[in-house]
file entry_2.cif (mmCIF, C-alpha atoms)
data_query
#
loop_
_atom_site.group_PDB
_atom_site.id
_atom_site.type_symbol
_atom_site.label_atom_id
_atom_site.label_comp_id
_atom_site.auth_asym_id
_atom_site.auth_seq_id
_atom_site.Cartn_x
_atom_site.Cartn_y
_atom_site.Cartn_z
ATOM 1 C CA MET A 1 -192.888 -97.735 -50.650
ATOM 2 C CA THR A 2 -194.183 -95.833 -53.684
ATOM 3 C CA ILE A 3 -196.146 -97.176 -56.635
ATOM 4 C CA TYR A 4 -195.060 -95.609 -59.937
ATOM 5 C CA ASN A 5 -197.689 -96.326 -62.576
ATOM 6 C CA LEU A 6 -196.654 -96.052 -66.232
ATOM 7 C CA GLY A 7 -200.219 -96.063 -67.438
ATOM 8 C CA SER A 8 -202.881 -94.862 -69.816
ATOM 9 C CA ILE A 9 -205.270 -92.015 -69.143
ATOM 10 C CA ASN A 10 -208.584 -92.180 -70.954
ATOM 11 C CA ILE A 11 -211.837 -90.306 -71.036
ATOM 12 C CA ASP A 12 -214.654 -92.849 -71.009
ATOM 13 C CA HIS A 13 -217.781 -92.204 -73.056
ATOM 14 C CA VAL A 14 -220.327 -94.628 -71.608
ATOM 15 C CA TYR A 15 -223.554 -95.561 -73.386
ATOM 16 C CA ARG A 16 -226.102 -97.743 -71.599
ATOM 17 C CA LEU A 17 -228.325 -99.976 -73.692
ATOM 18 C CA PRO A 18 -230.819 -102.795 -73.056
ATOM 19 C CA ALA A 19 -228.473 -105.161 -74.928
ATOM 20 C CA LEU A 20 -225.161 -104.948 -76.763
ATOM 21 C CA PRO A 21 -225.726 -104.349 -80.501
ATOM 22 C CA ARG A 22 -225.365 -107.210 -82.954
ATOM 23 C CA PRO A 23 -223.363 -106.747 -86.184
ATOM 24 C CA GLY A 24 -225.173 -104.228 -88.381
ATOM 25 C CA GLU A 25 -227.685 -103.295 -85.670
ATOM 26 C CA THR A 26 -228.399 -99.726 -84.538
ATOM 27 C CA LEU A 27 -229.765 -99.166 -81.038
ATOM 28 C CA HIS A 28 -230.891 -96.120 -79.059
ATOM 29 C CA ALA A 29 -228.804 -95.538 -75.926
ATOM 30 C CA GLN A 30 -230.801 -95.248 -72.710
ATOM 31 C CA SER A 31 -228.226 -92.866 -71.226
ATOM 32 C CA TYR A 32 -224.814 -91.291 -71.785
ATOM 33 C CA ALA A 33 -222.101 -90.346 -69.292
ATOM 34 C CA GLN A 34 -218.496 -89.183 -69.449
ATOM 35 C CA GLY A 35 -215.958 -90.271 -66.862
ATOM 36 C CA LEU A 36 -212.371 -91.034 -65.974
ATOM 37 C CA GLY A 37 -210.919 -94.265 -67.326
ATOM 38 C CA GLY A 38 -207.983 -96.004 -68.936
ATOM 39 C CA LYS A 39 -206.427 -99.072 -67.340
ATOM 40 C CA GLY A 40 -203.564 -96.964 -66.026
ATOM 41 C CA ALA A 41 -205.671 -94.213 -64.489
ATOM 42 C CA ASN A 42 -208.081 -96.797 -63.085
ATOM 43 C CA GLN A 43 -205.271 -98.671 -61.351
ATOM 44 C CA SER A 44 -203.698 -95.463 -60.058
ATOM 45 C CA VAL A 45 -206.997 -94.358 -58.508
ATOM 46 C CA ALA A 46 -207.655 -97.820 -57.068
ATOM 47 C CA ALA A 47 -204.200 -98.018 -55.474
ATOM 48 C CA ALA A 48 -204.376 -94.446 -54.130
ATOM 49 C CA ARG A 49 -207.819 -95.008 -52.611
ATOM 50 C CA ALA A 50 -206.433 -98.173 -51.040
ATOM 51 C CA GLY A 51 -203.962 -95.950 -49.225
ATOM 52 C CA ALA A 52 -200.848 -96.298 -51.387
ATOM 53 C CA ASP A 53 -198.489 -93.483 -52.378
ATOM 54 C CA VAL A 54 -199.031 -93.365 -56.168
ATOM 55 C CA ILE A 55 -197.195 -91.385 -58.862
ATOM 56 C CA HIS A 56 -198.821 -91.583 -62.289
ATOM 57 C CA LEU A 57 -196.489 -91.560 -65.311
ATOM 58 C CA GLY A 58 -198.571 -90.755 -68.381
ATOM 59 C CA ALA A 59 -199.588 -88.294 -71.074
ATOM 60 C CA MET A 60 -202.645 -86.361 -72.225
ATOM 61 C CA GLY A 61 -203.647 -83.853 -74.852
ATOM 62 C CA ALA A 62 -203.471 -80.131 -74.113
ATOM 63 C CA GLY A 63 -207.069 -79.851 -72.890
ATOM 64 C CA ASP A 64 -209.292 -81.917 -70.598
ATOM 65 C CA ASP A 65 -208.001 -80.233 -67.431
ATOM 66 C CA TRP A 66 -210.691 -81.923 -65.331
ATOM 67 C CA VAL A 67 -208.882 -85.256 -65.754
ATOM 68 C CA PRO A 68 -205.687 -84.516 -63.748
ATOM 69 C CA ARG A 69 -207.802 -82.644 -61.217
ATOM 70 C CA ARG A 70 -209.907 -85.744 -60.677
ATOM 71 C CA LEU A 71 -206.815 -87.953 -60.382
ATOM 72 C CA ALA A 72 -205.345 -85.574 -57.810
ATOM 73 C CA ALA A 73 -208.615 -85.551 -55.865
ATOM 74 C CA ALA A 74 -208.337 -89.338 -55.584
ATOM 75 C CA GLY A 75 -204.865 -88.993 -54.072
ATOM 76 C CA VAL A 76 -202.751 -89.641 -57.188
ATOM 77 C CA GLN A 77 -199.633 -87.524 -57.733
ATOM 78 C CA THR A 78 -199.963 -85.985 -61.221
ATOM 79 C CA SER A 79 -196.789 -83.897 -61.662
ATOM 80 C CA ALA A 80 -195.283 -86.497 -64.024
ATOM 81 C CA ILE A 81 -198.209 -86.386 -66.490
ATOM 82 C CA ALA A 82 -197.010 -84.848 -69.770
ATOM 83 C CA ARG A 83 -199.283 -82.583 -71.820
ATOM 84 C CA LEU A 84 -198.868 -83.132 -75.574
ATOM 85 C CA PRO A 85 -200.385 -80.454 -77.862
ATOM 86 C CA GLY A 86 -201.636 -81.823 -81.154
ATOM 87 C CA LEU A 87 -202.606 -85.212 -79.734
ATOM 88 C CA ALA A 88 -205.965 -86.278 -78.356
ATOM 89 C CA THR A 89 -206.276 -87.526 -74.819
ATOM 90 C CA GLY A 90 -206.910 -91.262 -74.987
ATOM 91 C CA HIS A 91 -210.549 -92.197 -74.946
ATOM 92 C CA ALA A 92 -212.866 -95.172 -74.952
ATOM 93 C CA ILE A 93 -216.369 -95.796 -76.273
ATOM 94 C CA ILE A 94 -218.010 -98.139 -73.762
ATOM 95 C CA LEU A 95 -221.313 -99.921 -74.339
ATOM 96 C CA VAL A 96 -222.928 -101.400 -71.214
ATOM 97 C CA ASP A 97 -225.961 -103.711 -71.303
ATOM 98 C CA ALA A 98 -228.663 -104.295 -68.705
ATOM 99 C CA ALA A 99 -226.662 -107.094 -67.052
ATOM 100 C CA GLY A 100 -223.604 -104.884 -66.619
ATOM 101 C CA GLU A 101 -221.543 -106.540 -69.365
ATOM 102 C CA ASN A 102 -219.631 -104.264 -71.725
ATOM 103 C CA SER A 103 -217.953 -103.850 -75.105
ATOM 104 C CA ILE A 104 -215.216 -101.244 -75.535
ATOM 105 C CA VAL A 105 -213.576 -99.419 -78.454
ATOM 106 C CA LEU A 106 -210.297 -97.750 -77.493
ATOM 107 C CA HIS A 107 -208.313 -94.880 -79.066
ATOM 108 C CA GLY A 108 -204.801 -94.580 -77.605
ATOM 109 C CA GLY A 109 -204.039 -90.951 -78.489
ATOM 110 C CA ALA A 110 -201.385 -89.443 -76.189
ATOM 111 C CA ASN A 111 -201.049 -92.748 -74.331
ATOM 112 C CA LEU A 112 -198.999 -94.096 -77.236
ATOM 113 C CA ALA A 113 -196.624 -91.102 -77.327
ATOM 114 C CA LEU A 114 -195.257 -90.969 -73.771
ATOM 115 C CA PRO A 115 -192.003 -88.941 -73.652
ATOM 116 C CA ALA A 116 -188.890 -91.092 -73.249
ATOM 117 C CA GLU A 117 -187.994 -89.602 -69.864
ATOM 118 C CA LEU A 118 -191.054 -91.214 -68.290
ATOM 119 C CA ALA A 119 -189.339 -94.595 -68.633
ATOM 120 C CA ARG A 120 -186.711 -93.426 -66.115
ATOM 121 C CA PRO A 121 -188.676 -91.654 -63.370
ATOM 122 C CA ALA A 122 -186.655 -89.787 -60.785
ATOM 123 C CA GLY A 123 -186.841 -91.373 -57.352
ATOM 124 C CA LEU A 124 -187.813 -94.888 -58.422
ATOM 125 C CA GLY A 125 -185.689 -97.258 -56.383
ATOM 126 C CA ARG A 126 -185.391 -100.373 -54.286
ATOM 127 C CA ASP A 127 -188.618 -101.516 -52.608
ATOM 128 C CA ASP A 128 -190.789 -99.383 -54.925
ATOM 129 C CA ILE A 129 -193.267 -100.882 -57.396
ATOM 130 C CA LEU A 130 -193.623 -100.089 -61.100
ATOM 131 C CA LEU A 131 -197.157 -100.836 -62.256
ATOM 132 C CA MET A 132 -197.801 -101.124 -66.022
ATOM 133 C CA GLN A 133 -200.440 -102.169 -68.553
ATOM 134 C CA ASN A 134 -200.400 -102.710 -72.320
ATOM 135 C CA GLU A 135 -201.979 -99.355 -73.238
ATOM 136 C CA THR A 136 -198.835 -97.201 -73.591
ATOM 137 C CA ASN A 137 -195.453 -97.139 -75.261
ATOM 138 C CA LEU A 138 -192.174 -97.427 -73.250
ATOM 139 C CA GLN A 139 -193.211 -100.618 -71.456
ATOM 140 C CA ALA A 140 -190.016 -102.655 -71.900
ATOM 141 C CA GLU A 141 -187.774 -99.621 -71.354
ATOM 142 C CA ALA A 142 -189.511 -98.681 -68.108
ATOM 143 C CA ALA A 143 -189.576 -102.259 -66.820
ATOM 144 C CA LEU A 144 -185.858 -102.729 -67.500
ATOM 145 C CA HIS A 145 -185.016 -99.466 -65.714
ATOM 146 C CA ALA A 146 -187.191 -100.403 -62.729
ATOM 147 C CA ARG A 147 -185.614 -103.815 -62.273
ATOM 148 C CA ARG A 148 -182.121 -102.348 -62.529
ATOM 149 C CA ALA A 149 -183.151 -99.864 -59.828
ATOM 150 C CA GLY A 150 -184.271 -102.728 -57.582
ATOM 151 C CA ALA A 151 -188.022 -102.156 -57.903
ATOM 152 C CA ARG A 152 -190.674 -104.803 -58.478
ATOM 153 C CA VAL A 153 -192.629 -104.685 -61.739
ATOM 154 C CA ILE A 154 -196.323 -105.645 -61.840
ATOM 155 C CA TYR A 155 -197.559 -105.969 -65.418
ATOM 156 C CA SER A 156 -201.200 -106.248 -66.487
ATOM 157 C CA ALA A 157 -201.098 -108.002 -69.847
ATOM 158 C CA ALA A 158 -204.182 -106.216 -71.172
ATOM 159 C CA PRO A 159 -205.212 -105.493 -73.802
ATOM 160 C CA PHE A 160 -203.568 -108.840 -74.484
ATOM 161 C CA SER A 161 -200.756 -109.088 -77.043
ATOM 162 C CA ILE A 162 -198.326 -111.970 -76.972
ATOM 163 C CA ALA A 163 -195.719 -109.834 -78.785
ATOM 164 C CA ALA A 164 -195.911 -107.106 -76.130
ATOM 165 C CA LEU A 165 -195.811 -109.709 -73.360
ATOM 166 C CA ARG A 166 -192.732 -111.423 -74.816
ATOM 167 C CA GLU A 167 -190.897 -108.090 -74.918
ATOM 168 C CA VAL A 168 -191.594 -107.067 -71.334
ATOM 169 C CA LEU A 169 -191.731 -110.465 -69.582
ATOM 170 C CA PRO A 170 -187.984 -110.781 -68.809
ATOM 171 C CA HIS A 171 -188.291 -107.711 -66.571
ATOM 172 C CA VAL A 172 -191.614 -108.553 -64.876
ATOM 173 C CA SER A 173 -191.876 -109.565 -61.201
ATOM 174 C CA ILE A 174 -195.628 -110.270 -61.079
ATOM 175 C CA LEU A 175 -197.774 -110.919 -64.140
ATOM 176 C CA ALA A 176 -201.470 -110.011 -63.783
ATOM 177 C CA VAL A 177 -203.921 -111.607 -66.225
ATOM 178 C CA ASN A 178 -207.551 -112.610 -66.391
ATOM 179 C CA GLU A 179 -208.610 -116.184 -67.090
ATOM 180 C CA ILE A 180 -208.632 -115.803 -70.884
ATOM 181 C CA GLU A 181 -205.283 -113.989 -70.918
ATOM 182 C CA ALA A 182 -203.799 -116.701 -68.679
ATOM 183 C CA ARG A 183 -204.956 -119.403 -71.103
ATOM 184 C CA ASP A 184 -203.459 -117.558 -74.085
ATOM 185 C CA THR A 185 -200.204 -116.927 -72.182
ATOM 186 C CA PHE A 186 -199.830 -120.598 -71.238
ATOM 187 C CA ALA A 187 -200.636 -121.696 -74.796
ATOM 188 C CA ALA A 188 -197.893 -119.460 -76.203
ATOM 189 C CA LEU A 189 -195.249 -119.583 -73.463
ATOM 190 C CA GLY A 190 -196.077 -122.559 -71.240
ATOM 191 C CA GLU A 191 -196.761 -122.368 -67.502
ATOM 192 C CA ASP A 192 -193.099 -122.175 -66.447
ATOM 193 C CA LEU A 193 -192.937 -118.381 -66.701
ATOM 194 C CA PRO A 194 -189.829 -116.344 -65.759
ATOM 195 C CA VAL A 195 -191.655 -114.297 -63.102
ATOM 196 C CA GLU A 196 -191.862 -114.403 -59.314
ATOM 197 C CA GLY A 197 -195.644 -114.378 -59.129
ATOM 198 C CA LEU A 198 -198.785 -114.795 -61.195
ATOM 199 C CA LEU A 199 -202.087 -113.050 -60.402
ATOM 200 C CA ILE A 200 -205.110 -114.507 -62.216
ATOM 201 C CA THR A 201 -208.533 -112.868 -61.910
ATOM 202 C CA ARG A 202 -211.503 -115.069 -62.789
ATOM 203 C CA GLY A 203 -214.517 -112.765 -62.488
ATOM 204 C CA ALA A 204 -217.321 -114.424 -60.523
ATOM 205 C CA GLU A 205 -214.994 -117.356 -59.776
ATOM 206 C CA GLY A 206 -212.664 -115.142 -57.755
ATOM 207 C CA ALA A 207 -208.910 -114.831 -58.147
ATOM 208 C CA GLU A 208 -205.687 -116.615 -57.324
ATOM 209 C CA PHE A 209 -202.074 -115.711 -56.725
ATOM 210 C CA ARG A 210 -199.285 -118.179 -57.462
ATOM 211 C CA ASP A 211 -195.836 -117.698 -55.937
ATOM 212 C CA LEU A 212 -193.760 -119.360 -58.642
ATOM 213 C CA ARG A 213 -190.636 -119.342 -56.453
ATOM 214 C CA SER A 214 -192.080 -121.361 -53.579
ATOM 215 C CA GLY A 215 -194.859 -123.168 -55.426
ATOM 216 C CA GLN A 216 -197.488 -121.816 -53.023
ATOM 217 C CA ALA A 217 -200.851 -120.657 -54.336
ATOM 218 C CA TRP A 218 -203.793 -118.854 -52.737
ATOM 219 C CA HIS A 219 -207.380 -118.646 -54.029
ATOM 220 C CA GLN A 220 -209.800 -115.874 -53.105
ATOM 221 C CA PRO A 221 -213.522 -116.416 -53.838
ATOM 222 C CA ALA A 222 -215.471 -113.500 -55.233
ATOM 223 C CA PHE A 223 -217.980 -111.762 -52.970
ATOM 224 C CA ALA A 224 -221.581 -112.111 -54.108
ATOM 225 C CA VAL A 225 -223.004 -108.737 -55.177
ATOM 226 C CA GLN A 226 -225.463 -107.429 -57.761
ATOM 227 C CA ALA A 227 -223.259 -106.028 -60.537
ATOM 228 C CA VAL A 228 -224.295 -102.775 -62.186
ATOM 229 C CA ASP A 229 -221.202 -102.171 -64.345
ATOM 230 C CA THR A 230 -218.141 -104.443 -64.643
ATOM 231 C CA THR A 231 -216.022 -101.831 -66.445
ATOM 232 C CA GLY A 232 -212.706 -101.453 -64.609
ATOM 233 C CA ALA A 233 -213.263 -104.327 -62.171
ATOM 234 C CA GLY A 234 -209.989 -106.022 -63.087
ATOM 235 C CA ASP A 235 -208.144 -102.703 -62.768
ATOM 236 C CA CYS A 236 -209.678 -102.181 -59.336
ATOM 237 C CA PHE A 237 -208.497 -105.628 -58.254
ATOM 238 C CA THR A 238 -204.958 -105.157 -59.577
ATOM 239 C CA GLY A 239 -204.584 -101.661 -58.130
ATOM 240 C CA TRP A 240 -205.744 -102.814 -54.718
ATOM 241 C CA PHE A 241 -203.536 -105.919 -54.851
ATOM 242 C CA ALA A 242 -200.488 -103.780 -55.695
ATOM 243 C CA ALA A 243 -201.366 -101.411 -52.852
ATOM 244 C CA GLY A 244 -201.593 -104.365 -50.491
ATOM 245 C CA LEU A 245 -198.104 -105.527 -51.431
ATOM 246 C CA ALA A 246 -196.832 -101.961 -51.023
ATOM 247 C CA ARG A 247 -198.296 -101.986 -47.490
ATOM 248 C CA GLY A 248 -196.481 -105.237 -46.712
ATOM 249 C CA GLU A 249 -199.621 -107.383 -46.678
ATOM 250 C CA THR A 250 -199.411 -111.129 -47.253
ATOM 251 C CA PRO A 251 -200.807 -112.400 -50.582
ATOM 252 C CA PRO A 252 -203.978 -113.789 -48.920
ATOM 253 C CA ASP A 253 -204.709 -110.449 -47.245
ATOM 254 C CA ALA A 254 -203.975 -108.487 -50.425
ATOM 255 C CA LEU A 255 -206.274 -110.832 -52.375
ATOM 256 C CA ARG A 256 -209.111 -110.489 -49.863
ATOM 257 C CA HIS A 257 -208.944 -106.694 -49.813
ATOM 258 C CA ALA A 258 -208.749 -106.558 -53.618
ATOM 259 C CA ALA A 259 -211.745 -108.874 -53.988
ATOM 260 C CA ALA A 260 -213.800 -106.733 -51.620
ATOM 261 C CA ALA A 261 -212.818 -103.559 -53.475
ATOM 262 C CA ALA A 262 -213.776 -105.074 -56.844
ATOM 263 C CA ALA A 263 -217.091 -106.284 -55.412
ATOM 264 C CA LEU A 264 -217.923 -102.741 -54.319
ATOM 265 C CA GLN A 265 -216.700 -101.230 -57.590
ATOM 266 C CA VAL A 266 -219.013 -103.306 -59.824
ATOM 267 C CA THR A 267 -222.063 -102.163 -57.853
ATOM 268 C CA ARG A 268 -221.444 -98.602 -59.120
ATOM 269 C CA LYS A 269 -221.527 -97.012 -62.536
ATOM 270 C CA GLY A 270 -218.219 -95.995 -64.118
ATOM 271 C CA ALA A 271 -214.605 -97.109 -63.938
ATOM 272 C CA GLY A 272 -212.056 -94.812 -62.272
ATOM 273 C CA ASP A 273 -214.793 -92.769 -60.629
ATOM 274 C CA ALA A 274 -216.278 -95.910 -59.029
ATOM 275 C CA MET A 275 -213.198 -97.087 -57.099
ATOM 276 C CA PRO A 276 -213.884 -97.508 -53.363
ATOM 277 C CA ASP A 277 -211.640 -96.152 -50.620
ATOM 278 C CA ARG A 278 -210.061 -98.105 -47.787
ATOM 279 C CA ALA A 279 -212.732 -97.251 -45.208
ATOM 280 C CA GLU A 280 -215.482 -98.540 -47.517
ATOM 281 C CA VAL A 281 -213.623 -101.802 -48.152
ATOM 282 C CA LEU A 282 -212.932 -102.441 -44.477
ATOM 283 C CA ALA A 283 -216.594 -101.746 -43.638
ATOM 284 C CA PHE A 284 -217.683 -104.152 -46.409
ATOM 285 C CA LEU A 285 -215.397 -106.889 -45.070
ATOM 286 C CA LYS A 286 -216.624 -106.363 -41.521
ATOM 287 C CA ALA A 287 -220.194 -106.859 -42.749
ATOM 288 C CA GLN A 288 -219.211 -110.182 -44.379
ATOM 289 C CA ARG A 289 -218.232 -111.791 -41.043
#
call {"tool": "encode", "arguments": {"input": "entry_2.cif", "output": "structure tokens"}}
result
Amino acid sequence: MTIYNLGSINIDHVYRLPALPRPGETLHAQSYAQGLGGKGANQSVAAARAGADVIHLGAMGAGDDWVPRRLAAAGVQTSAIARLPGLATGHAIILVDAAGENSIVLHGGANLALPAELARPAGLGRDDILLMQNETNLQAEAALHARRAGARVIYSAAPFSIAALREVLPHVSILAVNEIEARDTFAALGEDLPVEGLLITRGAEGAEFRDLRSGQAWHQPAFAVQAVDTTGAGDCFTGWFAAGLARGETPPDALRHAAAAAALQVTRKGAGDAMPDRAEVLAFLKAQR
């Protein structure tokens, strides 16, 4: 089973500060770093390091050659990444405070100009998974094609937009949201959603998966760790959860592995570059017994 990820690719510019700036305030950064990011790239790296076969469907500017090299080094297949001269590679300005909380400004760049053919990837078929987030164009087109091909669609409704969610929801198998996004979704659409499953991440409160067909639900507590940087934690969880389903794991097992991966990820600086591999996660879980 292959995970096709129609997802963003960003270069993260990370500034660490003692506190997040207030309106009108100027602060000196304590440090600066550049790294791999974007919800799509983050989830692709997370799923690949979890052991899944991952094909990334995305776009970049003409430069920044280190980005696909780093994706490939993580195990992601990059042959379907389009290079678009004249457009900037997507990027994010990330401010991280001493407690590991963050504020992010995002520029979509090439992520919002994916070529139409990426919505119909060759080889996508029954038993595969299409993973998507709300940081690119072609979401509804790709989801419709995937469902017609017999694949499952896992959609991260972030950054949250009820208009984007309404458009893609008829083709979604599993909707992935955080606690705030879940509240906004229920307020707009009710809790009787036309999907097979609902994944809700709740930060320090853990996560839950609801099988809306059977009515079963599973809750996974978060593992207690000292967070250094929470950037990309939700992407880590979703990528690992998708990889677990691709491996044939039960929802409780997929949740437990994803929670362990996210716990490790937040103890490191960065987003895509901080994703743990399967051996690290299994060792972490063994130490929890």
call {"tool": "resolve_selection", "arguments": {"input": "entry_2.cif", "expression": "the PyMOL selection byres ((chain A and resi 77) around 6)", "output": "ChimeraX atom specification"}}
result
/A:55,76,78
call {"tool": "closest_residue", "arguments": {"input": "entry_2.cif", "among": "A:Ala222, A:Val54, A:Ala73, A:Ala116", "to": "Thr201 (chain A)", "atoms": "only C-alpha atoms"}}
result
A:Ala222
call {"tool": "resolve_selection", "arguments": {"input": "entry_2.cif", "expression": "the PyMOL selection byres ((chain A and resi 120) around 12)", "output": "PyMOL selection string"}}
result
chain A and resi 4-6+57+80+114-119+121-125+130+138-149
call {"tool": "closest_residue", "arguments": {"input": "entry_2.cif", "among": "A:Ala287, A:Leu199, A:Ala259, A:Leu165", "to": "Thr185 (chain A)", "atoms": "all atoms listed in the file"}}
result
A:Leu165
call {"tool": "closest_residue", "arguments": {"input": "entry_2.cif", "among": "A:Gly100, A:Gly108, A:Pro23, A:Gly206", "to": "Ala88 (chain A)", "atoms": "all atoms listed in the file"}}
result
A:Gly108
call {"tool": "atom_distance", "arguments": {"input": "entry_2.cif", "atom1": "CA of Ser79 (chain A)", "atom2": "CA of Ala164 (chain A)"}}
result
27.4 Å
call {"tool": "closest_residue", "arguments": {"input": "entry_2.cif", "among": "A:Leu87, A:Val96, A:Ala283, A:Ile11", "to": "Trp66 (chain A)", "atoms": "all atoms listed in the file"}}
result
A:Ile11
call {"tool": "residues_around", "arguments": {"input": "entry_2.cif", "residues": "Val172 (chain A)", "least_positions_apart": "2", "cutoff": "9 Å", "atoms": "all atoms listed in the file", "output": "list in words"}}
result
Ala143, Leu144, Arg147, Arg152, Val153, Ile154, Tyr155, Val168, Leu169, Pro170, Ile174, Leu175, Pro194, Val195 and Glu196 of chain A
call {"tool": "atom_distance", "arguments": {"input": "entry_2.cif", "atom1": "CA of Arg268 (chain A)", "atom2": "CA of Gly232 (chain A)"}}
result
10.7 Å
call {"tool": "closest_residue", "arguments": {"input": "entry_2.cif", "among": "A:Asn134, A:Gly86, A:Ile93, A:Leu106", "to": "Met60 (chain A)", "atoms": "only C-alpha atoms"}}
result
A:Gly86
call {"tool": "closest_residue", "arguments": {"input": "entry_2.cif", "among": "A:Thr136, A:Gly90, A:Arg69, A:Ala176", "to": "Ala242 (chain A)", "atoms": "all atoms listed in the file"}}
result
A:Ala176
call {"tool": "resolve_selection", "arguments": {"input": "entry_2.cif", "expression": "the PyMOL selection byres ((chain A and resi 177) around 8)", "output": "ChimeraX atom specification"}}
result
/A:156-158,175-176,178-182,198-201
call {"tool": "atom_distance", "arguments": {"input": "entry_2.cif", "atom1": "CA of Thr89 (chain A)", "atom2": "CA of Asn10 (chain A)"}}
result
6.5 Å
call {"tool": "axis_aligned_box", "arguments": {"input": "entry_2.cif", "around": "region 104-114 of chain A", "padding_each_side": "8 Å", "output": "AutoDock Vina command-line options"}}
result
--center_x -205.2 --center_y -95.3 --center_z -76.4 --size_x 36.0 --size_y 27.8 --size_z 21.3
